[in-house]
Amino acid sequence: MINFPHQFAVVVPAAGVGKRMQANHPKQYLSLHGKTILEHTVDNLLSHPQIDLVVIAVSDGDEYFADLGLAQVNNIIRVSGGEERVDSVLSGLEYLSEHYAGRYPWVMVHDAARPCLTHADINKLINDCQQANRGGILAAPVRDTMKRSCVQNGWNTIDQTVDRGQLWHALTPQLFPLIELKSALIDGLASQKVITDEASAMEYSGYRPLLVQGRSDNLKVTQPEDLALAEFFLSQRT
């Protein structure tokens with residue numbers, strides 16, 4: 001069994017602009033119950049007893065982060081985010097490997113726009129990965145009928161129905177060894193692979209990440225209607 005550390009660091013990529021939200025500022029700074037989405041997300045992480053450092057990757061031109069209370073918290077580190085999510089994650093990992101590699105041999109990555117993560121799911125991710133002797137991700141089994149599309153005369157049409165029996169929605173956090181994840185991201189970028197999450201980079205390296213079933217209300221705020229849903233989920237817990 002892997003000898004996991006008692007404490008973990010989390011990298012939070014927060015350099016996105018959130019174009020699909022149709023808002024006048026990035027989605028991570030939209031308000032929920034009097035706090036920004038990013039504040040909910042980071043507060044939620046740092047209130048977990050096994051997380052004591054959060055590295056937030058923010059774009060250099062960000063006009064909002066410095067005004068948040070998060071910017072003054074000692075165990076929150078700001079690093080420069082990149083153009084793509086993978087660039088921001090790699091920036092956070094490089095900071096950790098330079099300053100904290102011995103202290104945090106394993107690292108989590110969590111989306112800035114997932115404010116509804118529960119501590120129970122964090123516990124399950126840590127415990128299951130330790131029991132299985134491998135890194136893994138929170139995920140939710142697909143419930144809906146899945147269709148593969150094709151384009152005909154400029155319209156999306158159904159090409160076939162896909163068996164959902166082995167399909168999962170990838171969530172975060174995702175938990176992997178720091179050095180291995182950093183190497184996988186660097187190699188994936190050098191090979192021009194499409195890296196949509198940390199697990200995909202690890203897969204390209206021949207790693208088979210664990211799927212840990214998490215709550216489906218750990219949603220990522222992406223569309224305007226997601227904001228109301230996240231607000232509802234948070235209000236139910238408080």
# chains A, B, ... in the order shown; residues from 1 in each chain; ligands from 1
call {"tool": "residues_around", "arguments": {"residues": "Gly16 of chain A", "least_positions_apart": "6", "cutoff": "12 Å", "atoms": "only C-alpha atoms", "output": "list in words"}}
result
His25, Pro26, Lys27, Gln28, Tyr29, Leu38, Ile56, Ala57, Val58, Ser59, Asp60, Gly61, Asp62, Ser80, Gly81, Gly82, Glu83, Glu84, Arg85, Val86, Asp87, Ser88, Val89, Asp111, Ala112, Ala113 and Thr222 of chain A
call {"tool": "select_by_dssp", "arguments": {"residues": "segment 121-217 of chain A", "states": "strand (DSSP E or B)", "output": "PyMOL selection string"}}
result
chain A and resi 136-141+146-152+155-162+168-177+210-213
call {"tool": "residues_around", "arguments": {"residues": "Gln192 of chain A", "least_positions_apart": "4", "cutoff": "12 Å", "atoms": "only C-alpha atoms", "output": "list of chain:residue names"}}
result
A:Val86, A:Leu185, A:Ile186, A:Asp187, A:Gly188, A:Ala201, A:Tyr204
call {"tool": "write_last_selection", "arguments": {"atoms": "N, CA and C atoms", "output": "mmCIF file, in the first residue's frame"}}
result
data_model
loop_
_atom_site.group_PDB
_atom_site.id
_atom_site.type_symbol
_atom_site.label_atom_id
_atom_site.label_comp_id
_atom_site.auth_asym_id
_atom_site.auth_seq_id
_atom_site.Cartn_x
_atom_site.Cartn_y
_atom_site.Cartn_z
ATOM 1 N N VAL A 86 -3.984 23.257 -18.929
ATOM 2 C CA VAL A 86 -2.798 22.442 -18.668
ATOM 3 C C VAL A 86 -1.588 23.311 -18.346
ATOM 4 N N LEU A 185 2.613 15.774 -17.961
ATOM 5 C CA LEU A 185 2.119 16.989 -18.614
ATOM 6 C C LEU A 185 3.162 17.545 -19.585
ATOM 7 N N ILE A 186 4.422 17.565 -19.169
ATOM 8 C CA ILE A 186 5.494 18.068 -20.035
ATOM 9 C C ILE A 186 5.612 17.206 -21.291
ATOM 10 N N ASP A 187 5.588 15.882 -21.115
ATOM 11 C CA ASP A 187 5.706 14.975 -22.253
ATOM 12 C C ASP A 187 4.502 15.090 -23.177
ATOM 13 N N GLY A 188 3.318 15.235 -22.583
ATOM 14 C CA GLY A 188 2.110 15.363 -23.394
ATOM 15 C C GLY A 188 2.113 16.621 -24.235
ATOM 16 N N ALA A 201 -3.320 13.077 -19.339
ATOM 17 C CA ALA A 201 -1.865 13.116 -19.483
ATOM 18 C C ALA A 201 -1.227 11.859 -18.901
ATOM 19 N N TYR A 204 -1.662 8.926 -21.295
ATOM 20 C CA TYR A 204 -0.696 8.929 -22.393
ATOM 21 C C TYR A 204 0.636 8.333 -21.963
#
call {"tool": "select_by_dssp", "arguments": {"residues": "segment 81-176 of chain A", "states": "alpha helix (DSSP H)", "output": "MDAnalysis selection string"}}
result
chainID A and resid 85:99 119:132
call {"tool": "write_last_selection", "arguments": {"atoms": "C-alpha atoms", "output": "compact mmCIF listing (two decimals), in the first residue's frame"}}
result
# COMPACT_ATOMS: atom_id res chain seq x y z
CA ARG A 85 -5.72 24.85 -18.34
CA VAL A 86 -2.80 22.44 -18.67
CA ASP A 87 -0.36 25.38 -18.70
CA SER A 88 -1.81 26.68 -15.44
CA VAL A 89 -1.64 23.27 -13.77
CA LEU A 90 1.95 22.82 -14.89
CA SER A 91 2.84 26.24 -13.48
CA GLY A 92 1.47 25.19 -10.09
CA LEU A 93 3.27 21.85 -10.20
CA GLU A 94 6.56 23.51 -11.08
CA TYR A 95 6.23 25.79 -8.07
CA LEU A 96 5.49 22.83 -5.78
CA SER A 97 8.33 20.70 -7.18
CA GLU A 98 10.76 23.58 -6.65
CA HIS A 99 9.68 24.54 -3.15
CA HIS A 119 -15.12 16.65 2.33
CA ALA A 120 -16.54 13.13 2.18
CA ASP A 121 -15.55 12.88 -1.48
CA ILE A 122 -12.05 14.17 -0.72
CA ASN A 123 -11.74 11.49 1.97
CA LYS A 124 -12.95 8.82 -0.42
CA LEU A 125 -10.48 9.86 -3.12
CA ILE A 126 -7.54 9.77 -0.71
CA ASN A 127 -8.57 6.47 0.91
CA ASP A 128 -9.39 4.63 -2.32
CA CYS A 129 -6.18 5.73 -4.05
CA GLN A 130 -4.18 4.59 -1.05
CA GLN A 131 -5.96 1.23 -0.94
CA ALA A 132 -5.56 0.70 -4.71
call {"tool": "residues_around", "arguments": {"residues": "Ile76 of chain A", "least_positions_apart": "2", "cutoff": "12 Å", "atoms": "only C-alpha atoms", "output": "ChimeraX atom specification"}}
result
/A:9-12,39,42-43,45-46,51-57,65,68-74,78-79,92
call {"tool": "closest_residue", "arguments": {"among": "A:His110, A:Arg237, A:Lys35, A:His48", "to": "Leu138 of chain A", "atoms": "only C-alpha atoms"}}
result
A:His110
call {"tool": "closest_residue", "arguments": {"among": "A:Ala139, A:Cys150, A:Val109, A:Leu234", "to": "Gly34 of chain A", "atoms": "only C-alpha atoms"}}
result
A:Leu234
call {"tool": "closest_residue", "arguments": {"among": "A:Ser235, A:Thr41, A:Thr157, A:Asn218", "to": "Pro13 of chain A", "atoms": "only C-alpha atoms"}}
result
A:Thr41
call {"tool": "closest_residue", "arguments": {"among": "A:His169, A:Arg148, A:Arg114, A:Arg103", "to": "Gln213 of chain A", "atoms": "only C-alpha atoms"}}
result
A:His169
call {"tool": "residues_around", "arguments": {"residues": "Phe232 of chain A", "least_positions_apart": "5", "cutoff": "12 Å", "atoms": "only C-alpha atoms", "output": "list in words"}}
result
Leu32, His33, Pro115, Cys116, Asp217, Leu219, Glu225, Asp226, Leu227, Arg237 and Thr238 of chain A
call {"tool": "write_last_selection", "arguments": {"atoms": "N, CA, C and O atoms", "output": "tab-separated table (two decimals), in the first residue's frame"}}
result
chain	number	residue	atom	x	y	z
A	32	LEU	N	-21.64	33.88	-5.34
A	32	LEU	CA	-22.56	32.89	-4.80
A	32	LEU	C	-22.66	33.13	-3.30
A	32	LEU	O	-21.64	33.05	-2.60
A	33	HIS	N	-23.84	33.44	-2.81
A	33	HIS	CA	-24.03	33.65	-1.36
A	33	HIS	C	-23.01	34.62	-0.78
A	33	HIS	O	-22.45	34.39	0.30
A	115	PRO	N	-17.34	24.61	-6.78
A	115	PRO	CA	-17.43	25.03	-5.39
A	115	PRO	C	-18.21	24.08	-4.48
A	115	PRO	O	-18.29	24.30	-3.28
A	116	CYS	N	-18.78	23.01	-5.06
A	116	CYS	CA	-19.70	22.15	-4.28
A	116	CYS	C	-19.07	20.83	-3.85
A	116	CYS	O	-19.78	19.92	-3.42
A	217	ASP	N	-23.37	16.13	-7.65
A	217	ASP	CA	-23.58	17.57	-7.44
A	217	ASP	C	-22.24	18.33	-7.33
A	217	ASP	O	-22.24	19.54	-7.09
A	219	LEU	N	-20.60	19.81	-9.36
A	219	LEU	CA	-20.68	20.31	-10.74
A	219	LEU	C	-19.66	21.41	-10.99
A	219	LEU	O	-19.22	22.10	-10.07
A	225	GLU	N	-26.87	28.61	-16.49
A	225	GLU	CA	-27.82	27.92	-15.62
A	225	GLU	C	-27.12	27.14	-14.50
A	225	GLU	O	-27.76	26.81	-13.48
A	226	ASP	N	-25.82	26.87	-14.64
A	226	ASP	CA	-25.09	26.16	-13.59
A	226	ASP	C	-24.96	27.00	-12.32
A	226	ASP	O	-24.85	26.45	-11.23
A	227	LEU	N	-24.98	28.30	-12.47
A	227	LEU	CA	-24.79	29.18	-11.33
A	227	LEU	C	-25.94	29.02	-10.34
A	227	LEU	O	-25.73	28.91	-9.12
A	237	ARG	N	-26.63	22.82	1.89
A	237	ARG	CA	-25.64	22.35	2.86
A	237	ARG	C	-25.50	23.29	4.04
A	237	ARG	O	-25.06	22.89	5.11
A	238	THR	N	-25.86	24.56	3.85
A	238	THR	CA	-25.72	25.51	4.94
A	238	THR	C	-27.02	25.69	5.72
A	238	THR	O	-27.00	26.27	6.79
call {"tool": "atom_distance", "arguments": {"atom1": "atom CA of Phe8 of chain A", "atom2": "atom CA of Glu198 of chain A"}}
result
16.6 Å
